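Structure file entry.cif; described as mmCIF, C-alpha atoms.
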```cif
data_input
loop_
_atom_site.group_PDB
_atom_site.id
_atom_site.type_symbol
_atom_site.label_atom_id
_atom_site.label_comp_id
_atom_site.auth_asym_id
_atom_site.auth_seq_id
_atom_site.Cartn_x
_atom_site.Cartn_y
_atom_site.Cartn_z
ATOM 1 C CA MET A 1 -10.561 -13.064 -22.665
ATOM 2 C CA VAL A 2 -8.053 -10.276 -23.370
ATOM 3 C CA VAL A 3 -4.399 -10.903 -22.584
ATOM 4 C CA LEU A 4 -1.972 -8.039 -21.936
ATOM 5 C CA PRO A 5 1.348 -7.993 -23.763
ATOM 6 C CA THR A 6 4.500 -8.283 -21.658
ATOM 7 C CA LYS A 7 7.805 -6.478 -21.730
ATOM 8 C CA GLN A 8 10.500 -8.171 -23.779
ATOM 9 C CA TYR A 9 13.773 -8.968 -22.012
ATOM 10 C CA GLU A 10 16.955 -9.727 -23.872
ATOM 11 C CA ASP A 11 19.349 -10.021 -20.951
ATOM 12 C CA VAL A 12 17.771 -10.074 -17.498
ATOM 13 C CA ARG A 13 20.154 -11.324 -14.837
ATOM 14 C CA ASP A 14 18.860 -9.749 -11.637
ATOM 15 C CA ALA A 15 15.149 -10.243 -12.291
ATOM 16 C CA ILE A 16 13.446 -13.115 -10.498
ATOM 17 C CA THR A 17 10.825 -15.063 -12.390
ATOM 18 C CA VAL A 18 7.340 -15.304 -10.959
ATOM 19 C CA ALA A 19 7.587 -19.107 -11.060
ATOM 20 C CA ALA A 20 10.756 -19.111 -8.932
ATOM 21 C CA ALA A 21 9.268 -16.583 -6.526
ATOM 22 C CA LEU A 22 6.081 -18.642 -6.144
ATOM 23 C CA GLU A 23 8.069 -21.806 -5.469
ATOM 24 C CA THR A 24 9.975 -20.057 -2.681
ATOM 25 C CA VAL A 25 6.847 -18.447 -1.209
ATOM 26 C CA PHE A 26 4.909 -21.717 -1.167
ATOM 27 C CA LYS A 27 7.815 -23.490 0.561
ATOM 28 C CA GLN A 28 7.876 -20.715 3.156
ATOM 29 C CA MET A 29 4.125 -21.108 3.648
ATOM 30 C CA GLN A 30 4.493 -24.870 4.178
ATOM 31 C CA ILE A 31 7.240 -24.326 6.734
ATOM 32 C CA VAL A 32 5.168 -21.902 8.808
ATOM 33 C CA GLY A 33 2.173 -24.235 8.752
ATOM 34 C CA HIS A 34 -0.278 -22.999 6.128
ATOM 35 C CA ARG A 35 -2.766 -25.636 5.064
ATOM 36 C CA GLN A 36 -2.013 -27.418 1.802
ATOM 37 C CA ARG A 37 -5.459 -26.497 0.459
ATOM 38 C CA THR A 38 -4.754 -22.798 1.057
ATOM 39 C CA ILE A 39 -1.440 -23.041 -0.786
ATOM 40 C CA GLU A 40 -3.090 -24.870 -3.685
ATOM 41 C CA SER A 41 -5.782 -22.201 -3.882
ATOM 42 C CA TYR A 42 -3.194 -19.399 -3.945
ATOM 43 C CA GLU A 43 -1.237 -21.298 -6.589
ATOM 44 C CA TYR A 44 -4.299 -21.771 -8.819
ATOM 45 C CA ILE A 45 -5.353 -18.120 -8.575
ATOM 46 C CA PHE A 46 -1.876 -16.662 -9.017
ATOM 47 C CA ASN A 47 -1.103 -18.938 -11.981
ATOM 48 C CA GLN A 48 -4.342 -17.768 -13.598
ATOM 49 C CA PHE A 49 -3.308 -14.155 -12.890
ATOM 50 C CA MET A 50 0.105 -14.809 -14.518
ATOM 51 C CA THR A 51 -1.461 -16.459 -17.562
ATOM 52 C CA VAL A 52 -4.030 -13.728 -18.189
ATOM 53 C CA ASN A 53 -1.352 -11.024 -17.956
ATOM 54 C CA ARG A 54 1.463 -13.061 -19.542
ATOM 55 C CA LEU A 55 3.740 -12.281 -16.623
ATOM 56 C CA GLN A 56 7.182 -13.812 -16.506
ATOM 57 C CA TYR A 57 9.078 -11.622 -14.043
ATOM 58 C CA VAL A 58 8.019 -10.288 -10.648
ATOM 59 C CA GLU A 59 8.946 -6.758 -11.693
ATOM 60 C CA ASP A 60 6.276 -6.944 -14.432
ATOM 61 C CA ILE A 61 3.481 -7.075 -11.860
ATOM 62 C CA SER A 62 1.636 -3.767 -11.709
ATOM 63 C CA VAL A 63 -1.624 -2.291 -10.520
ATOM 64 C CA GLU A 64 -2.779 -2.333 -14.143
ATOM 65 C CA SER A 65 -2.186 -6.078 -14.376
ATOM 66 C CA ILE A 66 -4.273 -6.613 -11.233
ATOM 67 C CA TYR A 67 -7.082 -4.434 -12.629
ATOM 68 C CA HIS A 68 -6.937 -6.259 -15.944
ATOM 69 C CA TYR A 69 -7.164 -9.661 -14.284
ATOM 70 C CA LEU A 70 -10.150 -8.629 -12.173
ATOM 71 C CA ASP A 71 -11.903 -7.088 -15.173
ATOM 72 C CA VAL A 72 -11.624 -10.167 -17.403
ATOM 73 C CA LEU A 73 -12.864 -12.589 -14.753
ATOM 74 C CA GLU A 74 -16.346 -13.832 -15.495
ATOM 75 C CA VAL A 75 -17.302 -14.566 -11.901
ATOM 76 C CA SER A 76 -19.430 -12.941 -9.229
ATOM 77 C CA PRO A 77 -18.211 -9.797 -7.444
ATOM 78 C CA ARG A 78 -17.826 -11.849 -4.254
ATOM 79 C CA THR A 79 -15.517 -14.293 -6.065
ATOM 80 C CA LYS A 80 -13.511 -11.372 -7.449
ATOM 81 C CA LEU A 81 -12.937 -10.150 -3.904
ATOM 82 C CA ILE A 82 -11.728 -13.610 -2.884
ATOM 83 C CA ARG A 83 -9.357 -13.715 -5.866
ATOM 84 C CA LEU A 84 -8.092 -10.244 -4.999
ATOM 85 C CA LYS A 85 -7.453 -11.300 -1.413
ATOM 86 C CA SER A 86 -5.416 -14.282 -2.611
ATOM 87 C CA ILE A 87 -3.347 -12.177 -5.006
ATOM 88 C CA LYS A 88 -2.692 -9.646 -2.250
ATOM 89 C CA ALA A 89 -1.553 -12.412 0.108
ATOM 90 C CA VAL A 90 1.015 -13.652 -2.399
ATOM 91 C CA LEU A 91 2.141 -10.118 -3.279
ATOM 92 C CA SER A 92 2.660 -9.440 0.424
ATOM 93 C CA LYS A 93 5.017 -12.419 0.554
ATOM 94 C CA PHE A 94 6.847 -11.048 -2.499
ATOM 95 C CA TYR A 95 7.192 -7.717 -0.677
ATOM 96 C CA ASN A 96 8.447 -9.434 2.493
ATOM 97 C CA ASN A 97 11.119 -11.172 0.411
ATOM 98 C CA SER A 98 12.140 -7.780 -1.109
ATOM 99 C CA TRP A 99 11.158 -8.756 -4.660
ATOM 100 C CA ILE A 100 8.629 -5.911 -4.830
ATOM 101 C CA LYS A 101 9.652 -2.447 -3.661
ATOM 102 C CA ASP A 102 6.221 -0.955 -2.846
ATOM 103 C CA HIS A 103 2.796 -2.081 -1.689
ATOM 104 C CA ILE A 104 1.460 -1.454 -5.194
ATOM 105 C CA TRP A 105 -1.820 -3.187 -4.505
ATOM 106 C CA ARG A 106 -2.975 -1.302 -1.410
ATOM 107 C CA LEU A 107 -4.404 2.128 -2.226
ATOM 108 C CA SER A 108 -5.199 1.717 -5.908
ATOM 109 C CA ILE A 109 -7.112 -1.508 -5.389
ATOM 110 C CA LEU A 110 -9.200 0.154 -2.691
ATOM 111 C CA LYS A 111 -10.715 2.382 -5.416
ATOM 112 C CA TRP A 112 -11.688 -0.721 -7.407
ATOM 113 C CA ILE A 113 -13.309 -2.317 -4.349
ATOM 114 C CA LYS A 114 -15.293 0.847 -3.627
ATOM 115 C CA ARG A 115 -16.501 0.940 -7.236
ATOM 116 C CA LEU A 116 -17.505 -2.715 -6.999
ATOM 117 C CA LYS A 117 -19.351 -2.191 -3.731
ATOM 118 C CA LYS A 118 -20.946 1.157 -4.700
ATOM 119 C CA GLY A 119 -24.494 1.428 -3.432
ATOM 120 C CA ARG A 120 -24.206 -1.246 -0.755
ATOM 121 C CA LYS A 121 -25.007 -0.270 2.786
ATOM 122 C CA ASN A 122 -22.816 -3.002 4.289
ATOM 123 C CA ARG A 123 -19.177 -1.891 4.001
ATOM 124 C CA THR A 124 -17.622 -4.760 5.962
ATOM 125 C CA LEU A 125 -16.261 -6.378 2.790
ATOM 126 C CA ILE A 126 -14.171 -3.295 2.014
ATOM 127 C CA SER A 127 -12.360 -3.415 5.333
ATOM 128 C CA TYR A 128 -12.072 -7.198 4.966
ATOM 129 C CA CYS A 129 -10.123 -6.839 1.720
ATOM 130 C CA ILE A 130 -7.725 -4.096 2.787
#
```
Translate this file's structure into structure tokens.
Amino acid sequence: MVVLPTKQYEDVRDAITVAAALETVFKQMQIVGHRQRTIESYEYIFNQFMTVNRLQYVEDISVESIYHYLDVLEVSPRTKLIRLKSIKAVLSKFYNNSWIKDHIWRLSILKWIKRLKKGRKNRTLISYCI
């Protein structure tokens, strides 16, 4: 497994850590009624994503880190799509809380999904993941 290097921060005061952001997001999810199993699944997948990319701050999350995570996974393409969906769900919560400025995962990830699904006649999974 290849791990990406992270940016070094000497004095970061305004940056929120991924761990703090996840704690807030998972509390919000509990309050609105998400199932505990769903939250645990998101937590497992996003922690794996953080570990593979050595992410510490939310602002370090990029399209490249998502691509890298998906590329190093040694699972079926179907499982990769499930992992991608979970990461996108958490990133959407980060965006809703104004910790991420853009929907960085939307258009670029669509290219990856199309490459993964190339040659398949059934395109329902592509629309499912968008």
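Once the PyMOL selection byres ((chain A and resi 103) around 10) is applied to the shown structure, the selection contains Val63, Lys88, Leu91, Ser92, Phe94, Tyr95, Ile100, Lys101, Asp102, Ile104, Trp105, Arg106, Leu107 and Ser108 of chain A.
Across the structure, atom CA of Ser86 of chain A and atom CA of Phe46 of chain A are spaced 7.7 Å apart.
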Using only the atoms of segment 60-76 of chain A listed in the file, plus 5 Å on each side, state the axis-aligned box centre and edge lengths in Å rounded to one decimal, as JSON.
```
{"center_x": -6.6, "center_y": -8.4, "center_z": -13.3, "size_x": 35.7, "size_y": 22.3, "size_z": 18.2}
```
Name the residues that the PyMOL selection byres ((chain A and resi 45) around 12) pulls out of this structure, and write them as a ChimeraX atom specification.
/A:22,38-44,46-52,66,69-70,73,79-90
Decode the PyMOL selection byres ((chain A and resi 25) around 10) for the given file into explicit residues and return them as an MDAnalysis selection string.
chainID A and resid 19:24 26:31 39 90:91 93:94 96:97
Written selection (C-alpha atoms) as a PDB file, in the frame of the given file:
```
ATOM      1  CA  ALA A  19       7.587 -19.107 -11.060  1.00  0.00           C
ATOM      2  CA  ALA A  20      10.756 -19.111  -8.932  1.00  0.00           C
ATOM      3  CA  ALA A  21       9.268 -16.583  -6.526  1.00  0.00           C
ATOM      4  CA  LEU A  22       6.081 -18.642  -6.144  1.00  0.00           C
ATOM      5  CA  GLU A  23       8.069 -21.806  -5.469  1.00  0.00           C
ATOM      6  CA  THR A  24       9.975 -20.057  -2.681  1.00  0.00           C
ATOM      7  CA  PHE A  26       4.909 -21.717  -1.167  1.00  0.00           C
ATOM      8  CA  LYS A  27       7.815 -23.490   0.561  1.00  0.00           C
ATOM      9  CA  GLN A  28       7.876 -20.715   3.156  1.00  0.00           C
ATOM     10  CA  MET A  29       4.125 -21.108   3.648  1.00  0.00           C
ATOM     11  CA  GLN A  30       4.493 -24.870   4.178  1.00  0.00           C
ATOM     12  CA  ILE A  31       7.240 -24.326   6.734  1.00  0.00           C
ATOM     13  CA  ILE A  39      -1.440 -23.041  -0.786  1.00  0.00           C
ATOM     14  CA  VAL A  90       1.015 -13.652  -2.399  1.00  0.00           C
ATOM     15  CA  LEU A  91       2.141 -10.118  -3.279  1.00  0.00           C
ATOM     16  CA  LYS A  93       5.017 -12.419   0.554  1.00  0.00           C
ATOM     17  CA  PHE A  94       6.847 -11.048  -2.499  1.00  0.00           C
ATOM     18  CA  ASN A  96       8.447  -9.434   2.493  1.00  0.00           C
ATOM     19  CA  ASN A  97      11.119 -11.172   0.411  1.00  0.00           C
TER      20      ASN A  97
END
```
Residue contacts of Tyr57 of chain A (6 Å, all atoms listed in the file) excluding same-chain residues fewer than 2 positions away, as a ChimeraX atom specification:
/A:16-18,55,59-60
Please rebuild segment 26-58 of chain A with N, CA and C atoms and give the result as a CSV table (one decimal), in the coordinates of the input.
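Listed below is the output, out-v4.csv:
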```
chain,number,residue,atom,x,y,z
A,26,PHE,N,5.7,-20.6,-1.6
A,26,PHE,CA,4.9,-21.7,-1.2
A,26,PHE,C,5.7,-22.6,-0.2
A,27,LYS,N,7.0,-22.7,-0.4
A,27,LYS,CA,7.8,-23.5,0.6
A,27,LYS,C,7.8,-22.8,1.9
A,28,GLN,N,7.9,-21.5,1.9
A,28,GLN,CA,7.9,-20.7,3.2
A,28,GLN,C,6.5,-20.9,3.9
A,29,MET,N,5.5,-20.9,3.1
A,29,MET,CA,4.1,-21.1,3.6
A,29,MET,C,4.0,-22.5,4.3
A,30,GLN,N,4.5,-23.5,3.6
A,30,GLN,CA,4.5,-24.9,4.2
A,30,GLN,C,5.3,-24.9,5.5
A,31,ILE,N,6.4,-24.3,5.5
A,31,ILE,CA,7.2,-24.3,6.7
A,31,ILE,C,6.5,-23.7,7.9
A,32,VAL,N,5.8,-22.6,7.7
A,32,VAL,CA,5.2,-21.9,8.8
A,32,VAL,C,3.8,-22.5,9.1
A,33,GLY,N,3.4,-23.5,8.4
A,33,GLY,CA,2.2,-24.2,8.8
A,33,GLY,C,0.9,-23.9,8.0
A,34,HIS,N,0.9,-23.2,6.9
A,34,HIS,CA,-0.3,-23.0,6.1
A,34,HIS,C,-0.8,-24.3,5.6
A,35,ARG,N,-2.1,-24.4,5.6
A,35,ARG,CA,-2.8,-25.6,5.1
A,35,ARG,C,-2.4,-25.8,3.6
A,36,GLN,N,-2.3,-27.1,3.2
A,36,GLN,CA,-2.0,-27.4,1.8
A,36,GLN,C,-3.1,-26.9,0.9
A,37,ARG,N,-4.4,-27.0,1.3
A,37,ARG,CA,-5.5,-26.5,0.5
A,37,ARG,C,-5.4,-25.0,0.2
A,38,THR,N,-4.9,-24.2,1.2
A,38,THR,CA,-4.8,-22.8,1.1
A,38,THR,C,-3.7,-22.5,0.0
A,39,ILE,N,-2.6,-23.2,0.1
A,39,ILE,CA,-1.4,-23.0,-0.8
A,39,ILE,C,-1.9,-23.4,-2.2
A,40,GLU,N,-2.6,-24.5,-2.4
A,40,GLU,CA,-3.1,-24.9,-3.7
A,40,GLU,C,-4.0,-23.8,-4.3
A,41,SER,N,-4.9,-23.2,-3.4
A,41,SER,CA,-5.8,-22.2,-3.9
A,41,SER,C,-5.0,-21.0,-4.3
A,42,TYR,N,-4.0,-20.5,-3.6
A,42,TYR,CA,-3.2,-19.4,-3.9
A,42,TYR,C,-2.5,-19.7,-5.3
A,43,GLU,N,-2.0,-20.9,-5.4
A,43,GLU,CA,-1.2,-21.3,-6.6
A,43,GLU,C,-2.1,-21.2,-7.8
A,44,TYR,N,-3.3,-21.8,-7.7
A,44,TYR,CA,-4.3,-21.8,-8.8
A,44,TYR,C,-4.6,-20.3,-9.2
A,45,ILE,N,-5.0,-19.5,-8.3
A,45,ILE,CA,-5.4,-18.1,-8.6
A,45,ILE,C,-4.2,-17.3,-9.1
A,46,PHE,N,-3.0,-17.5,-8.5
A,46,PHE,CA,-1.9,-16.7,-9.0
A,46,PHE,C,-1.4,-17.1,-10.4
A,47,ASN,N,-1.5,-18.4,-10.7
A,47,ASN,CA,-1.1,-18.9,-12.0
A,47,ASN,C,-2.1,-18.4,-13.0
A,48,GLN,N,-3.4,-18.3,-12.7
A,48,GLN,CA,-4.3,-17.8,-13.6
A,48,GLN,C,-4.0,-16.3,-13.8
A,49,PHE,N,-3.7,-15.6,-12.8
A,49,PHE,CA,-3.3,-14.2,-12.9
A,49,PHE,C,-2.1,-14.0,-13.8
A,50,MET,N,-1.1,-14.9,-13.7
A,50,MET,CA,0.1,-14.8,-14.5
A,50,MET,C,-0.2,-15.1,-16.0
A,51,THR,N,-1.1,-16.1,-16.2
A,51,THR,CA,-1.5,-16.5,-17.6
A,51,THR,C,-2.2,-15.3,-18.3
A,52,VAL,N,-3.2,-14.8,-17.6
A,52,VAL,CA,-4.0,-13.7,-18.2
A,52,VAL,C,-3.2,-12.5,-18.6
A,53,ASN,N,-2.2,-12.2,-17.7
A,53,ASN,CA,-1.4,-11.0,-18.0
A,53,ASN,C,0.0,-11.3,-18.6
A,54,ARG,N,0.2,-12.6,-18.9
A,54,ARG,CA,1.5,-13.1,-19.5
A,54,ARG,C,2.7,-12.5,-18.8
A,55,LEU,N,2.7,-12.7,-17.5
A,55,LEU,CA,3.7,-12.3,-16.6
A,55,LEU,C,4.8,-13.3,-16.5
A,56,GLN,N,6.1,-12.9,-16.7
A,56,GLN,CA,7.2,-13.8,-16.5
A,56,GLN,C,8.1,-13.4,-15.3
A,57,TYR,N,8.2,-12.1,-15.1
A,57,TYR,CA,9.1,-11.6,-14.0
A,57,TYR,C,8.3,-10.9,-13.0
A,58,VAL,N,8.7,-11.0,-11.7
A,58,VAL,CA,8.0,-10.3,-10.6
A,58,VAL,C,7.9,-8.8,-10.9
```
